[in-house]
file structure.txt (compact mmCIF, C-alpha atoms)
# COMPACT_ATOMS: atom_id res chain seq x y z
CA MET A 1 96.34 -41.68 34.24
CA THR A 2 98.48 -39.09 32.38
CA LYS A 3 96.93 -35.65 32.34
CA LEU A 4 96.36 -34.47 28.73
CA ARG A 5 96.24 -30.79 27.86
CA ILE A 6 95.92 -29.12 24.49
CA VAL A 7 97.06 -25.56 24.00
CA ALA A 8 96.27 -23.81 20.71
CA THR A 9 96.04 -20.28 19.47
CA GLY A 10 94.97 -18.42 16.33
CA ALA A 11 94.06 -20.48 13.31
CA ILE A 12 94.84 -23.70 15.04
CA ALA A 13 92.48 -22.88 17.83
CA ALA A 14 89.72 -22.13 15.32
CA LEU A 15 90.35 -25.39 13.56
CA LEU A 16 90.15 -27.29 16.78
CA PHE A 17 86.93 -25.46 17.67
CA THR A 18 85.20 -26.24 14.41
CA GLY A 19 86.52 -29.67 13.53
CA CYS A 20 89.10 -31.53 15.50
CA LEU A 21 87.42 -30.86 18.77
CA ASP A 22 84.51 -33.08 17.75
CA SER A 23 86.80 -36.11 17.70
CA PHE A 24 88.22 -35.27 21.09
CA VAL A 25 84.95 -34.73 22.76
CA GLY A 26 84.22 -38.36 22.31
CA ALA A 27 87.49 -39.28 24.26
CA GLU A 28 87.00 -40.98 27.63
CA CYS A 29 88.59 -39.94 30.95
CA ALA A 30 89.46 -42.42 33.66
CA ASP A 31 87.17 -43.06 36.56
CA GLY A 32 87.13 -40.16 38.96
CA PHE A 33 87.94 -37.68 36.19
CA ARG A 34 85.79 -35.65 33.83
CA GLU A 35 86.52 -33.74 30.69
CA SER A 36 86.75 -29.95 31.05
CA GLY A 37 88.08 -27.58 28.39
CA GLY A 38 89.75 -30.44 26.58
CA THR A 39 91.45 -31.77 29.77
CA CYS A 40 90.54 -34.64 32.10
CA VAL A 41 90.24 -33.15 35.54
CA PRO A 42 89.22 -34.70 38.85
CA GLY A 43 85.46 -34.90 39.38
CA ALA A 44 82.28 -36.71 38.30
CA ALA A 45 82.09 -37.72 34.69
CA ASP A 46 80.05 -35.50 32.28
CA SER A 47 76.85 -37.31 31.31
CA GLY A 48 76.52 -35.38 28.07
CA ALA A 49 73.21 -33.75 29.10
CA ASP A 50 74.36 -31.15 31.60
CA GLY A 51 72.07 -28.46 30.22
CA SER A 52 74.82 -25.79 30.14
CA MET A 53 77.56 -24.42 27.91
CA ASP A 54 80.98 -26.03 28.77
CA GLY A 55 83.69 -23.41 28.61
CA GLY A 56 81.70 -21.34 26.10
CA VAL A 57 81.60 -24.15 23.55
CA PRO A 58 78.22 -25.73 22.63
CA ASP A 59 77.87 -29.19 24.11
CA GLY A 60 76.89 -31.51 21.26
CA GLY A 61 74.64 -33.54 23.57
CA ASP A 62 73.15 -30.56 25.34
CA ALA A 63 69.47 -30.92 26.15
CA SER A 64 68.60 -27.25 25.61
CA MET A 65 69.60 -24.06 23.85
CA ASP A 66 70.13 -20.53 25.00
CA SER A 67 67.01 -18.35 24.80
CA ALA A 68 65.90 -17.30 21.29
CA VAL A 69 68.09 -19.99 19.64
CA VAL A 70 66.50 -22.75 17.57
CA ASP A 71 67.56 -26.25 18.58
CA GLY A 72 68.25 -27.82 15.20
CA GLY A 73 66.91 -31.24 15.90
CA ASP A 74 67.83 -32.06 19.44
CA ALA A 75 66.17 -35.45 19.57
CA GLY A 76 66.68 -35.81 23.27
CA ASP A 77 64.93 -32.64 24.40
CA ALA A 78 62.87 -33.09 27.49
CA ALA A 79 61.18 -29.65 27.34
CA PRO A 80 60.41 -26.91 24.74
CA ASP A 81 62.86 -24.02 24.37
CA SER A 82 61.40 -20.62 25.27
CA SER A 83 60.03 -18.64 22.29
CA ALA A 84 61.36 -21.24 19.85
CA ARG A 85 59.99 -24.14 17.83
CA ASP A 86 61.66 -27.38 18.88
CA GLY A 87 61.82 -29.79 15.98
CA GLY A 88 61.76 -32.79 18.29
CA ASP A 89 59.44 -31.30 20.84
CA ALA A 90 56.82 -33.53 22.36
CA SER A 91 54.37 -30.64 22.80
CA THR A 92 53.26 -27.45 21.02
CA ASP A 93 55.19 -24.26 21.74
CA SER A 94 53.21 -21.42 23.31
CA GLY A 95 51.68 -18.92 20.85
CA SER A 96 52.11 -21.05 17.76
CA ILE A 97 49.34 -21.98 15.25
CA ASP A 98 48.56 -25.66 15.20
CA ALA A 99 48.08 -26.36 11.48
CA GLY A 100 46.60 -29.73 12.24
CA ASP A 101 43.96 -28.51 14.66
CA GLY A 102 40.74 -30.31 13.87
CA GLY A 103 38.49 -27.78 15.66
CA GLY A 104 36.20 -25.08 14.26
CA ALA A 105 37.30 -22.26 11.94
CA ASP A 106 39.09 -19.64 13.99
CA GLY A 107 37.52 -16.17 13.45
CA GLY A 108 34.80 -17.51 11.08
CA VAL A 109 31.18 -16.24 10.70
CA GLY A 110 28.47 -18.06 12.65
CA CYS A 111 24.84 -17.31 11.66
CA ASP A 112 21.87 -17.53 13.98
CA LEU A 113 18.62 -19.41 13.50
CA GLY A 114 16.72 -18.23 10.44
CA GLU A 115 19.82 -16.66 8.86
CA VAL A 116 21.79 -17.51 5.74
CA LEU A 117 25.42 -16.65 5.03
CA CYS A 118 25.62 -14.32 2.01
CA SER A 119 29.01 -12.80 1.12
CA MET A 120 30.34 -13.34 4.66
CA GLU A 121 27.27 -11.66 6.15
CA CYS A 122 24.40 -13.31 8.01
CA VAL A 123 21.07 -12.23 6.56
CA ARG A 124 17.37 -13.07 6.78
CA ILE A 125 16.35 -14.02 3.25
CA ASP A 126 12.71 -13.80 4.32
CA SER A 127 12.96 -10.07 5.09
CA ASP A 128 16.20 -8.61 3.69
CA PRO A 129 15.40 -6.63 0.48
CA ARG A 130 19.02 -7.17 -0.70
CA HIS A 131 18.74 -10.96 -0.46
CA CYS A 132 15.00 -11.68 -0.79
CA GLY A 133 14.42 -15.41 -1.12
CA GLY A 134 18.14 -16.11 -1.63
CA CYS A 135 21.59 -14.54 -1.74
CA ASP A 136 22.04 -11.60 -4.11
CA MET A 137 18.35 -11.43 -5.06
CA PRO A 138 17.54 -7.73 -4.46
CA CYS A 139 14.07 -6.20 -4.57
CA ALA A 140 13.31 -3.20 -6.76
CA MET A 141 13.51 0.29 -5.30
CA ARG A 142 10.66 1.05 -2.83
CA ASP A 143 9.77 -2.66 -2.59
CA VAL A 144 10.01 -4.59 0.67
CA CYS A 145 10.82 -8.24 1.29
CA SER A 146 8.04 -10.18 2.98
CA GLY A 147 8.10 -13.94 3.39
CA GLY A 148 10.96 -14.23 0.96
CA ALA A 149 9.12 -12.39 -1.81
CA CYS A 150 9.42 -8.79 -2.99
CA VAL A 151 6.25 -6.82 -2.32
CA ARG A 152 5.45 -3.49 -3.95
CA VAL A 153 4.85 -0.54 -1.63
CA CYS A 154 3.02 2.47 -3.07
CA ARG A 155 2.71 5.95 -1.68
CA ALA A 156 -0.82 7.32 -1.24
CA PRO A 157 -2.85 8.05 -3.29
CA GLU A 158 -1.13 5.46 -5.47
CA GLU A 159 -2.21 1.83 -5.38
CA ILE A 160 -0.83 -1.43 -6.72
CA CYS A 161 -2.18 -2.52 -10.08
CA ASP A 162 -0.63 -5.16 -12.34
CA GLY A 163 2.49 -5.16 -10.16
CA ARG A 164 3.09 -1.42 -10.43
CA CYS A 165 2.11 1.72 -8.55
CA PHE A 166 -0.28 4.15 -10.16
CA ASP A 167 -2.53 7.05 -9.17
CA PRO A 168 -6.09 6.16 -10.26
CA SER A 169 -7.23 9.79 -10.13
CA VAL A 170 -4.84 10.86 -12.89
CA SER A 171 -4.43 7.59 -14.75
CA ASN A 172 -4.92 7.56 -18.51
CA ASP A 173 -4.76 3.76 -18.67
CA PRO A 174 -7.96 2.54 -20.40
CA ASP A 175 -7.61 -0.86 -18.70
CA ASN A 176 -7.30 0.66 -15.23
CA CYS A 177 -9.19 3.93 -15.48
CA GLY A 178 -10.02 5.50 -12.13
CA SER A 179 -9.44 2.19 -10.38
CA CYS A 180 -7.51 -1.03 -10.96
CA GLY A 181 -9.29 -3.24 -13.48
CA ASN A 182 -11.82 -0.63 -14.66
CA ARG A 183 -11.73 -0.99 -18.45
CA CYS A 184 -13.09 1.72 -20.75
CA ALA A 185 -15.28 0.37 -23.55
CA SER A 186 -13.99 3.10 -25.87
CA GLY A 187 -10.35 2.46 -25.00
CA LEU A 188 -10.03 6.12 -23.92
CA CYS A 189 -9.26 7.29 -20.37
CA THR A 190 -8.56 10.86 -19.28
CA LEU A 191 -7.48 11.73 -15.74
CA GLY A 192 -9.07 8.64 -14.26
CA SER A 193 -12.39 8.85 -16.17
CA CYS A 194 -13.51 6.85 -19.18
CA VAL A 195 -14.41 9.10 -22.09
CA ASP A 196 -17.24 6.68 -22.87
CA ALA A 197 -18.81 6.93 -19.40
CA THR A 198 -22.61 6.60 -19.41
CA ALA A 199 -24.44 9.91 -19.15
CA GLY A 200 -26.12 10.67 -15.85
CA HIS A 201 -29.36 12.59 -15.31
CA VAL A 202 -30.46 15.42 -13.00
CA VAL A 203 -34.25 16.00 -12.82
CA LEU A 204 -36.15 18.67 -10.86
CA VAL A 205 -39.95 18.15 -10.64
CA GLY A 206 -42.28 20.93 -9.45
CA HIS A 207 -44.94 18.59 -8.03
CA ASP A 208 -45.15 17.15 -4.51
CA TYR A 209 -47.73 14.43 -5.42
CA GLU A 210 -49.91 14.78 -2.34
CA THR A 211 -52.60 14.74 -5.02
CA SER A 212 -52.07 13.60 -8.61
CA ARG A 213 -53.53 12.13 -11.78
CA PRO A 214 -52.17 9.37 -14.05
CA GLY A 215 -50.72 11.85 -16.56
CA VAL A 216 -48.72 13.66 -13.86
CA ASP A 217 -47.69 10.32 -12.27
CA ARG A 218 -45.80 9.49 -15.47
CA VAL A 219 -43.47 12.44 -14.89
CA ALA A 220 -42.33 10.89 -11.56
CA GLY A 221 -42.21 7.32 -12.85
CA ASN A 222 -40.42 8.16 -16.09
CA SER A 223 -37.80 10.16 -14.15
CA VAL A 224 -36.97 7.16 -11.94
CA PHE A 225 -36.98 4.71 -14.84
CA LEU A 226 -34.39 6.65 -16.82
CA ALA A 227 -32.20 4.09 -15.05
CA THR A 228 -32.06 0.74 -16.80
CA GLY A 229 -31.55 -1.53 -13.79
CA SER A 230 -33.86 -4.45 -13.13
CA PRO A 231 -34.96 -3.75 -10.52
CA VAL A 232 -33.90 -0.13 -10.27
CA GLU A 233 -32.10 0.46 -6.96
CA VAL A 234 -33.33 3.80 -5.55
CA VAL A 235 -31.75 5.51 -2.53
CA VAL A 236 -34.41 7.79 -1.02
CA TRP A 237 -33.81 10.72 1.36
CA GLU A 238 -37.00 11.41 3.28
CA GLY A 239 -35.54 14.13 5.52
CA THR A 240 -38.31 16.55 6.55
CA ALA A 241 -40.76 15.58 3.82
CA THR A 242 -44.40 15.09 4.83
CA ALA A 243 -45.84 11.61 4.95
CA ALA A 244 -48.39 12.63 2.27
CA SER A 245 -45.65 13.72 -0.14
CA ILE A 246 -43.63 10.54 0.42
CA ALA A 247 -46.68 8.35 -0.13
CA GLY A 248 -47.75 10.34 -3.20
CA VAL A 249 -44.40 10.09 -4.97
CA ASP A 250 -44.07 6.39 -4.19
CA ARG A 251 -47.59 5.75 -5.48
CA ALA A 252 -46.83 7.57 -8.76
CA VAL A 253 -43.66 5.50 -9.31
CA ASP A 254 -45.52 2.28 -8.53
CA ARG A 255 -48.22 3.11 -11.10
CA VAL A 256 -45.69 3.69 -13.88
CA ALA A 257 -43.76 0.54 -12.88
CA ALA A 258 -46.93 -1.47 -13.30
CA GLU A 259 -47.69 0.14 -16.68
CA ARG A 260 -44.23 -0.49 -18.07
CA GLY A 261 -43.48 -3.82 -16.46
CA ARG A 262 -40.63 -2.37 -14.40
CA SER A 263 -39.72 -2.72 -10.73
CA TRP A 264 -37.76 -0.75 -8.15
CA ASN A 265 -36.27 -1.19 -4.69
CA ARG A 266 -36.72 1.70 -2.27
CA ILE A 267 -33.69 2.15 0.04
CA VAL A 268 -34.46 4.65 2.84
CA THR A 269 -31.15 6.29 3.79
CA PRO A 270 -30.16 9.08 6.22
CA LEU A 271 -28.15 11.97 4.77
CA ASP A 272 -24.80 10.87 6.19
CA LYS A 273 -25.11 7.37 4.65
CA ILE A 274 -26.24 8.40 1.17
CA LEU A 275 -22.83 8.21 -0.49
CA HIS A 276 -22.25 4.78 0.97
CA GLU A 277 -25.52 3.46 -0.43
CA LEU A 278 -25.07 5.16 -3.82
CA ALA A 279 -22.15 2.85 -4.54
CA ARG A 280 -24.70 0.13 -5.34
CA ALA A 281 -27.66 2.24 -6.49
CA ASP A 282 -29.09 3.59 -9.75
CA VAL A 283 -31.07 6.60 -8.53
CA LEU A 284 -30.95 9.17 -5.71
CA LEU A 285 -34.51 10.36 -5.01
CA ILE A 286 -35.14 13.38 -2.73
CA TYR A 287 -38.66 14.13 -1.54
CA PRO A 288 -39.87 17.76 -1.06
CA GLN A 289 -38.16 18.96 2.13
CA ALA A 290 -41.02 20.85 3.74
CA ALA A 291 -39.35 21.69 7.07
CA SER A 292 -35.61 22.01 6.26
CA THR A 293 -33.88 25.40 6.31
CA ASP A 294 -32.19 26.97 3.32
CA MET A 295 -28.78 26.43 4.91
CA GLU A 296 -29.51 22.79 5.63
CA LEU A 297 -30.44 22.14 2.02
CA THR A 298 -27.48 24.05 0.57
CA ASP A 299 -25.05 22.39 2.97
CA ALA A 300 -26.45 18.94 2.20
CA GLY A 301 -25.81 19.43 -1.51
CA ALA A 302 -22.30 20.73 -0.88
CA MET A 303 -21.47 17.85 1.47
CA LEU A 304 -22.47 15.23 -1.11
CA SER A 305 -21.17 17.11 -4.13
CA VAL A 306 -18.03 15.09 -4.88
CA GLY A 307 -19.64 11.70 -4.37
CA VAL A 308 -22.79 12.55 -6.29
CA ARG A 309 -20.73 13.84 -9.22
CA SER A 310 -18.93 10.50 -9.35
CA PHE A 311 -22.33 8.79 -9.20
CA LEU A 312 -23.54 10.88 -12.15
CA ARG A 313 -20.39 10.08 -14.17
CA LEU A 314 -21.21 6.40 -13.76
CA GLY A 315 -24.67 6.96 -15.25
CA GLY A 316 -26.67 7.51 -12.05
CA SER A 317 -29.77 9.72 -11.83
CA VAL A 318 -30.68 12.37 -9.23
CA VAL A 319 -34.40 13.18 -9.03
CA VAL A 320 -35.61 16.00 -6.72
CA PHE A 321 -39.24 16.87 -6.01
CA ASP A 322 -40.21 20.36 -4.78
CA THR A 323 -43.07 22.18 -3.13
CA PRO A 324 -43.88 25.64 -1.76
CA THR A 325 -43.18 25.92 1.98
CA ALA A 326 -42.65 28.68 4.54
CA ALA A 327 -39.57 26.92 5.98
CA ASN A 328 -37.33 27.40 2.95
CA ALA A 329 -37.05 28.84 -0.53
CA GLY A 330 -37.21 25.38 -2.13
CA THR A 331 -35.66 21.92 -2.14
CA TRP A 332 -33.92 22.92 -5.38
CA GLN A 333 -31.25 24.42 -3.12
CA PHE A 334 -29.81 20.93 -2.68
CA LEU A 335 -28.99 20.93 -6.40
CA THR A 336 -27.49 24.43 -6.44
CA GLY A 337 -25.53 23.72 -3.25
CA GLY A 338 -23.84 20.80 -4.98
CA GLY A 339 -23.45 22.62 -8.29
CA PHE A 340 -25.69 20.18 -10.15
CA MET A 341 -28.18 22.70 -11.55
CA SER A 342 -28.68 26.48 -11.76
CA VAL A 343 -31.95 27.67 -10.14
CA SER A 344 -32.69 30.89 -8.24
CA GLY A 345 -36.25 30.53 -6.95
CA LEU A 346 -39.74 29.06 -7.30
CA THR A 347 -43.39 30.24 -7.48
CA ASP A 348 -46.59 28.39 -6.54
CA ILE A 349 -48.68 27.64 -9.68
CA THR A 350 -51.36 25.38 -8.18
CA GLY A 351 -54.25 24.95 -10.64
CA ALA A 352 -52.46 26.58 -13.58
CA SER A 353 -52.20 24.97 -17.01
CA VAL A 354 -48.80 23.57 -17.96
CA ALA A 355 -47.56 21.98 -21.18
CA VAL A 356 -44.95 19.51 -22.38
CA THR A 357 -42.28 21.54 -24.19
CA ALA A 358 -39.88 18.67 -25.00
CA PRO A 359 -42.07 15.78 -26.18
CA GLY A 360 -39.01 13.84 -27.37
CA ASP A 361 -37.55 13.70 -23.85
CA ALA A 362 -37.84 10.30 -22.12
CA ILE A 363 -39.53 11.97 -19.14
CA ALA A 364 -42.42 13.10 -21.37
CA VAL A 365 -43.34 9.59 -22.54
CA GLY A 366 -47.10 9.12 -21.97
CA VAL A 367 -47.52 12.56 -20.37
CA PRO A 368 -50.44 14.62 -21.74
CA LEU A 369 -49.19 17.53 -23.84
CA THR A 370 -51.19 19.86 -21.59
CA TYR A 371 -52.40 19.19 -18.04
CA ALA A 372 -53.47 21.05 -14.88
CA ALA A 373 -50.90 21.63 -12.15
CA GLU A 374 -52.18 19.85 -9.05
CA THR A 375 -52.01 21.17 -5.47
CA ASN A 376 -48.57 22.39 -4.32
CA SER A 377 -47.13 22.58 -7.84
CA VAL A 378 -44.41 25.18 -8.59
CA ARG A 379 -42.49 26.68 -11.50
CA PHE A 380 -38.81 27.63 -11.24
CA ASP A 381 -36.61 30.60 -12.04
CA SER A 382 -34.06 28.85 -14.24
CA THR A 383 -32.71 28.65 -17.76
CA GLU A 384 -31.93 24.92 -17.53
CA PRO A 385 -33.51 22.65 -20.21
CA GLU A 386 -37.21 22.13 -19.51
CA VAL A 387 -39.54 19.22 -20.26
CA VAL A 388 -42.76 20.72 -18.89
CA GLY A 389 -43.28 24.46 -18.66
CA HIS A 390 -45.54 27.22 -17.37
CA VAL A 391 -45.91 30.49 -19.21
CA ASP A 392 -43.62 32.11 -16.62
CA GLY A 393 -40.99 29.38 -16.28
CA PRO A 394 -40.13 25.68 -16.29
CA VAL A 395 -42.00 23.16 -14.12
CA VAL A 396 -39.98 20.02 -14.91
CA LEU A 397 -36.26 20.35 -15.73
CA HIS A 398 -33.94 17.65 -17.08
CA THR A 399 -30.19 18.07 -17.58
CA VAL A 400 -27.62 15.55 -18.72
CA PRO A 401 -24.26 16.49 -17.18
CA LEU A 402 -21.26 15.51 -19.28
CA PRO A 403 -18.88 12.99 -17.69
call {"tool": "encode", "arguments": {"input": "structure.txt", "output": "structure tokens"}}
result
Amino acid sequence: MTKLRIVATGAIAALLFTGCLDSFVGAECADGFRESGGTCVPGAADSGADGSMDGGVPDGGDASMDSAVVDGGDAGDAAPDSSARDGGDASTDSGSIDAGDGGGADGGVGCDLGEVLCSMECVRIDSDPRHCGGCDMPCAMRDVCSGGACVRVCRAPEEICDGRCFDPSVSNDPDNCGSCGNRCASGLCTLGSCVDATAGHVVLVGHDYETSRPGVDRVAGNSVFLATGSPVEVVVWEGTATAASIAGVDRAVDRVAAERGRSWNRIVTPLDKILHELARADVLLIYPQAASTDMELTDAGAMLSVGVRSFLRLGGSVVVFDTPTAANAGTWQFLTGGGFMSVSGLTDITGASVAVTAPGDAIAVGVPLTYAAETNSVRFDSTEPEVVGHVDGPVVLHTVPLP
């Protein structure tokens, strides 16, 4: 077969490269020859998929492209080009994003058990104060989230009342005065105390009742029954009192109870439990402390001072009986130690005549206007209001401390 050779330069060569060459490439060489550079030369025929560049000109049937070149639709590709996306590729190129991937969300947020996704953050809506019970449901400042509900937290001495924190000791709320739910009948509350609080009573009796008569018994009974309870709950402190004094006072109260159709419950209580028992009592009764020291009596009053004052503000009564004794200057020191009454001493007046000086006082009801002071009776050095008096000083004192 005749050997064909095309020689072209300049513009002609460019034209052949871009256009005319395409028609020649399709020309066939005889058996035993192959096309090379536009000439049929001896050798095996070109299959059209040699995988290389022939003479620097792209082979239109080439199976691949040089690195970093995109194969524009090579339908016959057998493998992906490196770093390129092959439009006819049978597989996904390395490093590419498969838009049709049916798997999970790449880089998404996965919450654990008990959590809820709120604004791309996993939270516990049962304990997170920013999302309490649900997303974007914050608790108020100082509240905590518990069980999916906002719970108020108060700082001592504040307490929760009607969904808010308040200090009962300084509250002026008449519906929650001094404590949550304590309503003032007058509608007035000042620093935790109702202005209409019931008046309390402090009574000091200069008889020990080891011996007595009905007229003197009424002083003891009337003092206890200033309280209006039914029965009257009476916390009694026996301490170092003699058995005779304890029995005498109790007998006097029982006699008056029978006369007036009243009743009382006697609650024997040690000193350190008195305040606990007073929370449910009407009266604190202290027998004559025959063997206590002055310091013990003063300290006892001071120790109970705060609680007893609260008891008095609630309308409670404190009744103290006294007697002359060598062990101390008088049981009245319990009252002065707690600041409940002003007394400076006592004097034995056994057998002397005494008289009712305040007949309108409730303690004087049924008491003879004049009677003889029985054994172990005393009068006091005090300017406190008296109900029964001796020529040298009061024998029975009764004060009503203001709330």
call {"tool": "closest_residue", "arguments": {"input": "structure.txt", "among": "A:Ile286, A:Cys132, A:Thr357, A:Arg313", "to": "A:Ser193", "atoms": "all atoms listed in the file"}}
result
A:Arg313
call {"tool": "atom_distance", "arguments": {"input": "structure.txt", "atom1": "atom CA of A:Val170", "atom2": "atom CA of A:Thr399"}}
result
26.8 Å
call {"tool": "closest_residue", "arguments": {"input": "structure.txt", "among": "A:Pro138, A:Gly148, A:Gly366, A:Gly339", "to": "A:Arg260", "atoms": "all atoms listed in the file"}}
result
A:Gly366
call {"tool": "atom_distance", "arguments": {"input": "structure.txt", "atom1": "atom CA of A:Asp282", "atom2": "atom CA of A:Thr323"}}
result
24.2 Å
call {"tool": "residues_around", "arguments": {"input": "structure.txt", "residues": "A:Cys177", "least_positions_apart": "2", "cutoff": "10 Å", "atoms": "all atoms listed in the file", "output": "PyMOL selection string"}}
result
chain A and resi 167-175+179-184+187-195
call {"tool": "write_last_selection", "arguments": {"input": "structure.txt", "atoms": "C-alpha atoms", "output": "compact mmCIF listing (two decimals), keeping the file's coordinate frame"}}
result
# COMPACT_ATOMS: atom_id res chain seq x y z
CA ASP A 167 -2.53 7.05 -9.17
CA PRO A 168 -6.09 6.16 -10.26
CA SER A 169 -7.23 9.79 -10.13
CA VAL A 170 -4.84 10.86 -12.89
CA SER A 171 -4.43 7.59 -14.75
CA ASN A 172 -4.92 7.56 -18.51
CA ASP A 173 -4.76 3.76 -18.67
CA PRO A 174 -7.96 2.54 -20.40
CA ASP A 175 -7.61 -0.86 -18.70
CA SER A 179 -9.44 2.19 -10.38
CA CYS A 180 -7.51 -1.03 -10.96
CA GLY A 181 -9.29 -3.24 -13.48
CA ASN A 182 -11.82 -0.63 -14.66
CA ARG A 183 -11.73 -0.99 -18.45
CA CYS A 184 -13.09 1.72 -20.75
CA GLY A 187 -10.35 2.46 -25.00
CA LEU A 188 -10.03 6.12 -23.92
CA CYS A 189 -9.26 7.29 -20.37
CA THR A 190 -8.56 10.86 -19.28
CA LEU A 191 -7.48 11.73 -15.74
CA GLY A 192 -9.07 8.64 -14.26
CA SER A 193 -12.39 8.85 -16.17
CA CYS A 194 -13.51 6.85 -19.18
CA VAL A 195 -14.41 9.10 -22.09
call {"tool": "atom_distance", "arguments": {"input": "structure.txt", "atom1": "atom CA of A:Gly114", "atom2": "atom CA of A:Arg142"}}
result
24.2 Å
call {"tool": "residues_near_point", "arguments": {"input": "structure.txt", "point": "(-43.6, 27.8, -8.1)", "cutoff": "8 Å", "atoms": "only C-alpha atoms", "output": "count of residues only"}}
result
13
call {"tool": "residues_around", "arguments": {"input": "structure.txt", "residues": "A:Cys165", "least_positions_apart": "3", "cutoff": "12 Å", "atoms": "only C-alpha atoms", "output": "PyMOL selection string"}}
result
chain A and resi 141-143+151-162+168+171+176+179-180
call {"tool": "residues_near_point", "arguments": {"input": "structure.txt", "point": "(-48.5, 26.3, -17.6)", "cutoff": "7 Å", "atoms": "only C-alpha atoms", "output": "PyMOL selection string"}}
result
chain A and resi 352-355+389-391
call {"tool": "closest_residue", "arguments": {"input": "structure.txt", "among": "A:Ala279, A:Val388, A:Leu271, A:Cys118", "to": "A:Phe334", "atoms": "only C-alpha atoms"}}
result
A:Leu271
call {"tool": "residues_around", "arguments": {"input": "structure.txt", "residues": "A:Val253", "least_positions_apart": "2", "cutoff": "8 Å", "atoms": "all atoms listed in the file", "output": "number ranges by chain"}}
result
A: 217-218, 220-222, 224, 249-251, 255-257
call {"tool": "closest_residue", "arguments": {"input": "structure.txt", "among": "A:Val203, A:Leu278, A:Gly248, A:Asp272", "to": "A:Val387", "atoms": "all atoms listed in the file"}}
result
A:Val203
call {"tool": "closest_residue", "arguments": {"input": "structure.txt", "among": "A:Asp126, A:Glu277, A:Glu386, A:Glu233", "to": "A:Arg262", "atoms": "only C-alpha atoms"}}
result
A:Glu233
call {"tool": "closest_residue", "arguments": {"input": "structure.txt", "among": "A:Cys150, A:Ile274, A:Val396, A:Val343", "to": "A:Trp237", "atoms": "all atoms listed in the file"}}
result
A:Ile274
